[in-house]
Structures are given as C-alpha cells and as structure tokens.
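Since the structure comes first, as structure tokens, the remarks are kept for the end.
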Amino acid sequence: MLHHLFIILFLTLCISPNLTNGKASLEHFAEVSVLMDVKASLDPENKYLMSWTESGDPCSNSFIGVACNEYLKVSNISLQGKGLTGQLSPAIAGLKCLSGLYLHYNSLNGEIPKEISGLTELSELYLNVNNFTGDIPPEIGNMASLQVMELCCNQLNGSIPSEFGNLKKLNVLALQHNQLTGQIPPTLGGLAMLERLDLGFNHLTGPIPVNLAKVSKLEFFDVQNSNLSGFTPIGLKRLGDGFSYKNNPDLCGKAFLSLRPCTALDMSMINQLDPFTPAPNTTSPQNIPQSASIMPHCTQDHCTNSSSNLKIVGIIAAIVTVIASLTVTALVAIFVHRRRKQKIWSKSETPEHRFSMQESSRISSEYFCAWDPTQKSPKACGFCVELDPKSSGPLQSFNMEEIEAATRYFSDANLLGKSKFSAVYKGVLRDRSAVAIKSVSVTSCKADEAEFTKGLSLLTSLRHENLARLRGFCCSKARGECYLVYDFASKGNLSQYLDVEDVRSSHVLDWHKRVFIIKGIAKGLAYLHRDEPEKPMMIHRNISMEKILIDQQYNPLITDAGLLKLLADDIVYSALKVSAALGYMAPEYITTGKFTEKSDVYAFGVVVLQILSGQSNLTGSIRAAAADRRFNDFIDKNLEGKFSEIEADKLTRIGLICVDELPENRLTMEDVIRELCLVN
C-alpha cells in the first residue's frame, strides 16, 4: 500500500504543475490587467507609475510600490507620498490577495469605492491625507481582516458607519480632520482589539457611547474640536492624556476638570445610550493574540475563501484516485500551516533574502511609532519633546506618526532643501501650524544619545525674536534619524534674494527691508554672544545667507545656532569647506582652527556686504567700490538708485570693519548694535 501511495504522489507532482502553471499564468495576466486599470485611475497623466506596464511583471520589482507574496500574487501596494492626483478605481477589488494598501500623503480625490470591501484579505488600509470626498462606504464593515484603517485628513462627510462594529480585528481607526456628522456608533464599543480611536476635528454630535470606556485595549481616544454633548463616561479617565476632548463645550463630567458639571438631564441620558450593545468579552475569539492572525495566508492558486481549491481537487481527482487527492490535500494543509506567516519576495531573490511581510506589517501597524515597533507609547521613537514657547520645559511629545503626517510622509513636494547630512521639509502639524522639519542622521552626531539630547535641550532654551525657534525634536532609534522642528519662515532664506536679474522680481528687497534685515541679524548674533545666567555665551560657527530665514514680515531668523557643535567632525569639516568657498570663513580660523565671536563677526560683515550689493560673489571690484563708496558700482542696481546714501555709507563702513583681516580690528556685535542705532 505504501508503495502504491508513493507512485500516486509521484504522478500527482509531475502532472499537477502543468495544470496549475497554466492557471497561474491566466491569473497573473488578470492581476496585471487589474493593476493597469488601477494605474490609469490613480495616475491619469502617467507621471509617477510609468514602470507599470502591460508587458511587465509586478513580482519582479519592476512595478514601483508593488510587492508579491511567495505564491507570486500581488499582496502589497505602497505608493505613499508619490504625488498621485487621480482616484481609487473599483478595479482594486480584483487583487484578491492584497493585504496592505498604502496610498496616504497623495492628492487623490473622488469617493472611496464600495468595491474595496471585496479585499477580504486586507489588513491595513491607509488612505489618509488625500482629498477623498463623499460618505464612507458601510461595506467596509465586511472587511473582517482589517487591523488598521487610516482615513484621516480628507473631506469625507456623512456618518460613521455602524457596520464598523463588525471589524473585530481592528486596532486603529483614524477618521480625524474630515467633515463627518452624526453620532459615534455604539457598535465601536464592541471592538475588543481597538487601541486607538481618532475622531477629532469633525462635526460629530450626541454623547460618547458608554461602552467605549470598557474597551480594555483602548489607549488613545481623540474627539477634540467636535460638537459632542452629554455625560462623559468616567471609565475614560484611565486613559489620562490619551483622552483628548477639548473644544466640546456641551460635554460634561465631574471626573474631568475642564468639563462643566452634569445636570439631571445629562445623567438621565446615560441609560439611553444603546444599553443592548454587548461589552467586550475577554474570553471571546476576538482576543486571540494579533500575531496569531495578523496575515491571512494566500496560496499559489487561491485566497482563503476562494473556490479554486475545489476546482484543483476536482482536476486532480480526474487524474488520480480519491486517495491521492486526499493525501495531497493533507500535505498541502500541513505545508500551509507551517508557512502561516506570509512572506514577500520577488522571483529573482533567493530564500535567504526574502523580505517578511509579517515584519513589514507589524512595523506600519505600530501607529504610535511607525519606526520603532518594539515600543507602544507615543514617546517610543526615542526622546521626543516639544517645547513651550514661553519656557524651556516640555509641553508635549512629538512622535513619528506626527512627523510623517506633517511632512506628507517626507514627500518630495514638501522638500525645502537638502545637504549631505540633512534634509529640510515643510510640515503642517495637527493644530494647522506650519513648521520646518530638519532630519539629521544619528551618524552625523558626535555625541551619544544623552549628550546629543542635552545639547538639543540647550538649543531649545534660546529665545529671541531673530532666532528661528526650535519647537522640539524627535529621535528615532530604529530609523536612525533625529528630527528638529522649527517654526516655518514663509519667505525662504536670504540666499534667494541674491543675484536677482529681473528688477520686477518679488525677490528684490527694497532699501527699508535691507536695513531692517541687517539690524535683525545683528540683534540675533549679539544675543548669542551674550553670557547670561539663563543662557551661556554661544558662537554660531556657520553664519551664511542660507542660515538666515525670512518670515512673513521680513523678520530675519538665524537658524542652526549651536547645531554645528553637536555634529561629527566630518560633517563639520564638510560644512566649513562650503562656508570657506562662499567667503564666510574668517582668515584666522585657517591658522588657529578655532572659532571665536570675531569669526561670527567676520561672517556677519560678509552678509552685510552681500545684502547691500545683492551679489553672492563679493569680487575684488565690488569690495573696492565699497571701500571707495562708489555706490553706483556697489549698491544693488535693482534698487534703481532708491536708497539713502547716508545709511549706505554707515552700513558699508560697518560691513568693511567686520571683514577686517585682523580680528582685533573688528567690532563686537554689541559695538555693531550701537553703530546701527545711528542708522534710521
């Protein structure tokens, strides 16, 4: 009998691949067809998804943002921050093995198609920070595998579907910053796995369902800036700072200091809040550990709920005996059980270099700190702190989710500038304030984490109207980067106002603005050089036109004050080499290798002469014209003679003294301030 069984198995293994390969090729063609439909809708002008072609293979790394599982089925589409401007096609439902869809931080519009509910294997849906409109399809409630649903920061309206109560595996539901109306569905209180619920900045009304306070895994619940009313469940008190409810004036609750006291009418409503909604059952199948069910397996020829398995069994049954079919089925079941954790890799990769989708999914599921999955709290990115503008004490923490959301996932469209060791992005925080976020690699820092943190804390203590305020920072160990969050300066940096060829350009500064900017820079540097009880004397080390930002009122803001001192020697050397090439380096540094206040003064003098002349390259002829006060050859010609010669004479003299070869002949910044007082 055993001999016959091996013969049957041999015949099955020899014959079935031919059958399944033919079927697989048809399914492969079908998935390519679906991807082409999706591409046409997401990227109608074919600007970003040009690598998606009908003749291409999505499982060979040739389709940007597309990954396949081990059975060569499309299981992941990651196109976050790609500049997509189209819509999400209903054809997406044809990718039956899709487990992750990441389209956040784009400019997609239109409605979310109800057909998306056909993606029964999808565990993570990221459509946040787009321009989606219309109602949220209630059919999404049928997507039983969903663990993360991110729909925030769109223009969605209508109510929150009560069908979401069917998503028993849901960990994160983020719907904030939309235009949603109606009440919070009490069915959400039945989501035993829910850890984060973001509903703030909508137009929601009515009470907070009492059973939400009974969700034991809930850690963060945000309903701020809505129109909620009535009694606030006392059980939410356990969330501490994780419960955000401000700007809901009709909410009441004695346990919450900032809420009004409840009236008899408020209390009478408690038992009317859908008392039939069951509380989370800690012994139910809903509480199976996430790791046991995070990724539904999707086999070579079918997804879990597909009928194709029956067809294959029928084909095999027509070729071999019933015994062989049952034997093969049993072997396949064992094989699938052992490979329950799904993996992604391309055809060309060897098993040793496969990328685990399980690991990738867990990383992106860590909503609070997407880059450090070993931690749970919002502070887990490392050391993350935001500073109160009126003090040097901590106010609240930044986390990686906030940094990513602010920069639209570090979108190229938000990139303001880049150097060898850092990149600067424009960002918008949840309170809608604009910021500039500088990313610095941890490898660029000369000190260890504790010393670097101490150095940054000193920088956050600096408070002056002519210094760019460091609002806070966030360092991610897992990502290996630190993010410095500054107030945003809408007019760019001063280098943009040099070498302007068109007199009609908005980058031509009038005379009054030039004088105002020079005075502001001097005040900022003088503040740094002062030795005060609350602030030690500090040398900037790298003053240049690029380091001076201009805000909406043309107020100059010196940035990166003291930052160079915290960076590694090779980074410092690279920065100084650029500074020397642009003419900002004081001559004595070349011989002594030391920075002093007078080296900052020298760089300030160069900046003054650049502002007056409008030129980045202070040639010998320009300097000679300045020394001889030949203003027609020195002062920026774009001013067309509209400047004060008396002020020009004083400012030119200050600039020239500051760039004297001998440091002892230069003014101090306090001297400069006194001299500038004579300039109207």
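Just so we're on the same page: first chain in the structure tokens is A, next is B, and so on; residues restart at 1 for each chain, and ligands are numbered from 1 in the order they show up.
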For the structure I just gave you, how does DSSP split region 134-276 of chain A - specifically, which residues are strand (DSSP E or B)? Reply as JSON, numbers by chain. {"A": [134, 135, 148, 149, 150, 155, 156, 157, 172, 173, 174, 196, 197, 198, 205, 206, 220, 221, 222, 227, 228, 229, 230, 231, 243, 244, 250, 251, 252, 260]}
Counting only C-alpha atoms, what is within 8 Å of region 66-68 of chain A, bar same-chain residues fewer than 3 positions away, as a short mmCIF file (atom, residue, chain, number, x, y, z; two decimals) with N, CA and C atoms, in the first residue's frame?
```
data_model
loop_
_atom_site.label_atom_id
_atom_site.label_comp_id
_atom_site.auth_asym_id
_atom_site.auth_seq_id
_atom_site.Cartn_x
_atom_site.Cartn_y
_atom_site.Cartn_z
N PRO A 58 4.73 42.33 -12.23
CA PRO A 58 4.65 43.04 -10.94
C PRO A 58 5.40 42.34 -9.81
N CYS A 59 5.80 41.10 -10.02
CA CYS A 59 6.50 40.35 -8.97
C CYS A 59 8.01 40.32 -9.18
N ASN A 61 9.93 43.27 -9.03
CA ASN A 61 10.43 44.58 -8.57
C ASN A 61 10.41 45.64 -9.67
N PHE A 63 7.53 46.96 -10.97
CA PHE A 63 6.39 47.84 -10.72
C PHE A 63 6.66 48.59 -9.43
N TYR A 71 3.58 33.18 -3.35
CA TYR A 71 2.89 32.48 -4.43
C TYR A 71 2.73 33.37 -5.65
N LEU A 72 3.49 34.48 -5.67
CA LEU A 72 3.53 35.40 -6.80
C LEU A 72 2.18 36.03 -7.09
N LYS A 73 1.50 36.40 -6.01
CA LYS A 73 0.26 37.17 -6.10
C LYS A 73 0.50 38.54 -5.49
N VAL A 74 -0.04 39.58 -6.09
CA VAL A 74 0.13 40.94 -5.56
C VAL A 74 -0.49 41.02 -4.17
N SER A 75 0.32 41.38 -3.18
CA SER A 75 -0.17 41.42 -1.80
C SER A 75 0.08 42.76 -1.12
N ASN A 76 0.78 43.66 -1.79
CA ASN A 76 1.09 44.93 -1.15
C ASN A 76 1.27 46.02 -2.20
N ILE A 77 0.58 47.13 -2.02
CA ILE A 77 0.77 48.31 -2.87
C ILE A 77 1.13 49.47 -1.96
N SER A 78 2.36 49.97 -2.08
CA SER A 78 2.86 51.05 -1.23
C SER A 78 3.24 52.24 -2.10
N ILE A 344 7.02 38.09 1.54
CA ILE A 344 7.04 38.73 0.24
C ILE A 344 8.44 38.66 -0.31
N TRP A 345 8.57 38.31 -1.57
CA TRP A 345 9.85 38.44 -2.24
C TRP A 345 9.63 38.36 -3.72
N SER A 346 10.61 38.77 -4.48
CA SER A 346 10.49 38.74 -5.93
C SER A 346 11.04 37.43 -6.47
#
```
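Distances here use only C-alpha atoms; by that measure, the residue among A:Arg629, A:His529, A:His512, A:Lys426 closest to Val485 (chain A) is A:Lys426.
Residues lying within 9 Å of Leu101 (chain A), counting only C-alpha atoms and ignoring same-chain neighbours fewer than 2 positions away, are Ser75, Asn76, Ile77, Ser78, Leu79, Leu98, Ser99, Leu103, Leu122, Ser123, Glu124, Leu125, Tyr126 and Leu127 of chain A.
CA of Ser490 (chain A) is positioned 21.9 Å from CA of Leu563 (chain A).
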Show me a table, sorted first by chain and then by increasing residue number, of the residues of region 556-595 of chain A having an atom at most 12 Å from region 609-617 of chain A, each with its shortest atom pair and the distance in Å to one decimal, counting only C-alpha atoms and written as JSON lines.
```
{"residue": "A:Ala581", "atom": "CA", "partner": "A:Asn617", "partner_atom": "CA", "distance": 10.2}
{"residue": "A:Leu582", "atom": "CA", "partner": "A:Asn617", "partner_atom": "CA", "distance": 7.5}
{"residue": "A:Gly583", "atom": "CA", "partner": "A:Asn617", "partner_atom": "CA", "distance": 8.1}
{"residue": "A:Tyr584", "atom": "CA", "partner": "A:Ser616", "partner_atom": "CA", "distance": 10.8}
```
Same residues, C-alpha atoms, saved as a short mmCIF file (atom, residue, chain, number, x, y, z; two decimals), in the first residue's frame:
```
data_model
loop_
_atom_site.label_atom_id
_atom_site.label_comp_id
_atom_site.auth_asym_id
_atom_site.auth_seq_id
_atom_site.Cartn_x
_atom_site.Cartn_y
_atom_site.Cartn_z
CA ALA A 581 34.28 78.53 -0.58
CA LEU A 582 31.47 81.09 -0.24
CA GLY A 583 33.73 83.58 1.57
CA TYR A 584 32.25 83.41 5.08
#
```
